[in-house]
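Here's the structure we're looking at; comments come further down.
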2 protein chains.
Amino acid sequence: MTKARPCSIADTLAVVGEKYSLLVLREVFFGVRRFESMVRNIGAPRDILAARLRRLVEAGVLEKVAYSDRPRRYEYRPTEAGLDLQNVLHLLRQWGDRHLAETPPVVFEHSCGASFDAVVTCASCGEAIRPGSQTAHFQVEGWGLAGERPADAAAGAQSSPSQAVLG
Amino acid sequence: MTKARPCSIADTLAVVGEKYSLLVLREVFFGVRRFESMVRNIGAPRDILAARLRRLVEAGVLEKVAYSDRPRRYEYRPTEAGLDLQNVLHLLRQWGDRHLAETPPVVFEHSCGASFDAVVTCASCGEAIRPGSQTAHFQVEGWGLAGERPADAAAGAQSSPSQAVLG
DNA sequence: AGGGTCGGTCCGGATATCCAACGCAGTAGT
DNA sequence: ACTACTGCGTTGGATATCCGGACCGACCCT
């Protein structure tokens with residue numbers, strides 16, 4: 001790859017975007033924290049799983065904690081940063097439940113007693129975040145949007161306007 | 001891989017979990033909807049990008065719309081299902097901004113005027129969703145949790161209890 | 001001793017990714 | 001008409017990653 005847009009999404013995916021990484025997180029959140037169990041539940045090749053665990057530990061998403069000396073055995077726990085990814089998994093699961101049309105294999109319940117329905121809201125106003133309700137401000141020279149919006153007139157701005165409404 | 005836990009997260013990742021797929025979505029949400037522009041902004045190999053676009057269209061996340069006959073040219077637009085993935089990207093970006101320690105290359109603003117801070121809440125009670133505030137109910141025989149919670153006593157239930165608190 | 005568990009590593013073959021080059025259709029310039 | 005250029009891919013061959021299964025060391029049990 002040549003040059004890509006500087007972007008936190010891409011940076012995040014460099015940590016958790018490889019195959020199985022998010023499934024490792026899923027298991028960890030379920031409380032499954034040992035190598036053998038993960039192999040079983042995820043169905044990943046052992047060497048790949050080992051590589052993913054190394055990466056997640058090095059990135060500070062998981063930490064390796066000994067649960068037994070002699071024989072030396074470790075389990076993997078989520079760090080604070082790791083726990084911050086739980087909501088990503090909730091949204092992915094919810095999307096699958098809604099759009100991939102099977103009966104959900106796992107159902108969640110919130111502590112308030114209601115069946116689980118996650119909504120992403122604005123911390124300030126509390127409104128749900130919807131397409132079109134946000135504006136992006138590009139901070140890096142040259143990586144704004146260069147025209148080509150579908151059916152709009154060739155609006156005034158020419159070289160990479162530094163902001164744009166999403167949707 | 002042998003057998004893996006039946007799971008909507010895995011199903012969703014089968015659609016958007018391959019390299020570059022979510023970056024395609026990022027560009028589409030920014031309004032970048034043409035092949036050439038995506039190649040530039042994502043920095044992906046052209047053949048891979050073509051494959052990802054095919055997959056996303058076939059999965060109903062994007063739709064191919066002609067913006068010119070003669071020469072026949074298409075652009076890729078998000079479907080309803082595609083728009084539903086926008087929040088996933090917001091969370092990934094937010095995680096990167098918080099934990100990967102650089103100055104965010106793109107900053108968002110909500111329509112309420114506040115700078116963007118997305119919070120995942122329960123649709124019923126409105127409370128923020130936190131680790132430990134949810135219970136998972138496993139619907140499929142044999143895929144509950146089989147013991148091994150870190151420091152708890154070997155609690156009563158033996159074979160795959162069908163529910164568990166997350167965290 | 002023999003068998004089982006746990007957490008990996010190692011190997012060879014299959015698959016996916018990468019990159020540069022090419023094809024093709026139409027448009028713009030001279 | 002000839003050349004150049006753009007947009008959107010496809011093709012071929014080198015490289016990287018993934019896969020399944022075998023293997024290993026350390027320990028426990030009988």
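The way I read the labels, and the way they are meant: chains A, B, ... in the order of the structure tokens, residue 1 as the first residue of every chain, and ligand 1 as the first ligand shown, with later ones counted on from there.
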Report task. Return the neighbours of chain A among the residues of chain C, cut-off 10 Å, counting only C-alpha atoms (C1' of nucleotides), as a list in words. Result ->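 Per the criterion, chain C yields DT5, DC6, DG7, DG8, DT9, DC10, DC18 and DC19 of chain C.
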Include N, CA and C atoms (P, O5', C5', C4', C3', O3' and C1' of nucleotides) and write out the residues we just selected as a PDB file, in the first residue's frame.
```pdb
ATOM      1  P    DT C   5      -7.400 -34.882  28.684  1.00  0.00           P
ATOM      2  O5'  DT C   5      -6.680 -33.646  29.412  1.00  0.00           O
ATOM      3  C5'  DT C   5      -6.704 -33.558  30.831  1.00  0.00           C
ATOM      4  C4'  DT C   5      -5.958 -32.303  31.241  1.00  0.00           C
ATOM      5  C3'  DT C   5      -6.212 -31.122  30.309  1.00  0.00           C
ATOM      6  O3'  DT C   5      -6.430 -29.965  31.108  1.00  0.00           O
ATOM      7  C1'  DT C   5      -3.892 -31.527  30.490  1.00  0.00           C
ATOM      8  P    DC C   6      -7.116 -28.611  30.533  1.00  0.00           P
ATOM      9  O5'  DC C   6      -5.879 -27.615  30.357  1.00  0.00           O
ATOM     10  C5'  DC C   6      -5.015 -27.351  31.457  1.00  0.00           C
ATOM     11  C4'  DC C   6      -3.746 -26.694  30.957  1.00  0.00           C
ATOM     12  C3'  DC C   6      -3.979 -25.645  29.861  1.00  0.00           C
ATOM     13  O3'  DC C   6      -3.533 -24.396  30.352  1.00  0.00           O
ATOM     14  C1'  DC C   6      -2.159 -27.092  29.345  1.00  0.00           C
ATOM     15  P    DG C   7      -3.801 -23.038  29.545  1.00  0.00           P
ATOM     16  O5'  DG C   7      -2.448 -22.861  28.719  1.00  0.00           O
ATOM     17  C5'  DG C   7      -1.283 -22.432  29.401  1.00  0.00           C
ATOM     18  C4'  DG C   7      -0.132 -22.403  28.433  1.00  0.00           C
ATOM     19  C3'  DG C   7      -0.381 -21.532  27.192  1.00  0.00           C
ATOM     20  O3'  DG C   7       0.834 -20.870  26.830  1.00  0.00           O
ATOM     21  C1'  DG C   7       0.196 -23.666  26.535  1.00  0.00           C
ATOM     22  P    DG C   8       0.750 -19.333  26.284  1.00  0.00           P
ATOM     23  O5'  DG C   8       0.701 -19.247  24.716  1.00  0.00           O
ATOM     24  C5'  DG C   8       0.750 -20.288  23.778  1.00  0.00           C
ATOM     25  C4'  DG C   8       2.062 -21.035  23.764  1.00  0.00           C
ATOM     26  C3'  DG C   8       2.766 -20.950  22.429  1.00  0.00           C
ATOM     27  O3'  DG C   8       3.981 -20.232  22.518  1.00  0.00           O
ATOM     28  C1'  DG C   8       2.473 -23.227  23.144  1.00  0.00           C
ATOM     29  P    DT C   9       4.616 -19.659  21.132  1.00  0.00           P
ATOM     30  O5'  DT C   9       5.369 -20.912  20.469  1.00  0.00           O
ATOM     31  C5'  DT C   9       6.498 -21.476  21.124  1.00  0.00           C
ATOM     32  C4'  DT C   9       7.027 -22.630  20.258  1.00  0.00           C
ATOM     33  C3'  DT C   9       7.427 -22.209  18.839  1.00  0.00           C
ATOM     34  O3'  DT C   9       8.669 -22.825  18.540  1.00  0.00           O
ATOM     35  C1'  DT C   9       5.882 -23.988  18.745  1.00  0.00           C
ATOM     36  P    DC C  10       9.473 -22.413  17.154  1.00  0.00           P
ATOM     37  O5'  DC C  10       9.085 -23.612  16.168  1.00  0.00           O
ATOM     38  C5'  DC C  10       9.241 -24.955  16.618  1.00  0.00           C
ATOM     39  C4'  DC C  10       8.988 -25.932  15.457  1.00  0.00           C
ATOM     40  C3'  DC C  10       9.313 -25.381  14.073  1.00  0.00           C
ATOM     41  O3'  DC C  10       9.869 -26.435  13.293  1.00  0.00           O
ATOM     42  C1'  DC C  10       7.027 -26.017  14.164  1.00  0.00           C
ATOM     43  P    DC C  18      -2.821  -6.565   1.443  1.00  0.00           P
ATOM     44  O5'  DC C  18      -1.720  -6.493   0.299  1.00  0.00           O
ATOM     45  C5'  DC C  18      -0.356  -6.777   0.619  1.00  0.00           C
ATOM     46  C4'  DC C  18       0.482  -6.746  -0.636  1.00  0.00           C
ATOM     47  C3'  DC C  18       0.398  -5.443  -1.434  1.00  0.00           C
ATOM     48  O3'  DC C  18       1.677  -4.836  -1.403  1.00  0.00           O
ATOM     49  C1'  DC C  18       0.305  -7.370  -2.855  1.00  0.00           C
ATOM     50  P    DC C  19       1.816  -3.253  -1.725  1.00  0.00           P
ATOM     51  O5'  DC C  19       2.300  -3.232  -3.257  1.00  0.00           O
ATOM     52  C5'  DC C  19       3.443  -3.989  -3.621  1.00  0.00           C
ATOM     53  C4'  DC C  19       3.479  -4.135  -5.136  1.00  0.00           C
ATOM     54  C3'  DC C  19       3.072  -2.855  -5.883  1.00  0.00           C
ATOM     55  O3'  DC C  19       4.192  -2.411  -6.630  1.00  0.00           O
ATOM     56  C1'  DC C  19       2.049  -4.806  -6.817  1.00  0.00           C
TER      57       DC C  19
END
```
Report task. Up to 8 Å from chain D, what residues of chain A turn up? Count only C-alpha atoms (C1' of nucleotides) and give them as a ChimeraX atom specification. Result -> /A:45,48,70-71
**Report entry** DSSP strand (DSSP E) residues within region 4-156 of chain B, listed as a count of residues only
**Finding:** 28
Query raised in the report: Can you tell me, as a list in words, what residues are no more than 10 Å from Val88 (chain A) when counting only C-alpha atoms (C1' of nucleotides), ignoring any on the same chain fewer than 6 positions away?
Result: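 Once the adjacent positions are removed, what remains is Leu22 and Gln94 of chain A; Ile9, Asn87, Val88, Leu89, His90, Leu91, Leu92, Trp95 and Val120 of chain B.
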Save the residues we just selected, C-alpha atoms, as a compact mmCIF listing (two decimals), in the first residue's frame?
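The new file out.txt reads:
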```txt
# COMPACT_ATOMS: atom_id res chain seq x y z
CA LEU A 22 -12.20 -9.39 18.11
CA GLN A 94 -26.52 -6.20 17.24
CA ILE B 9 -20.24 -11.06 16.02
CA ASN B 87 -21.66 3.82 14.87
CA VAL B 88 -19.20 0.96 14.86
CA LEU B 89 -16.75 3.22 13.09
CA HIS B 90 -17.38 6.00 15.59
CA LEU B 91 -16.50 3.70 18.45
CA LEU B 92 -13.38 2.42 16.73
CA TRP B 95 -10.99 4.12 20.93
CA VAL B 120 -23.49 3.59 24.24
```
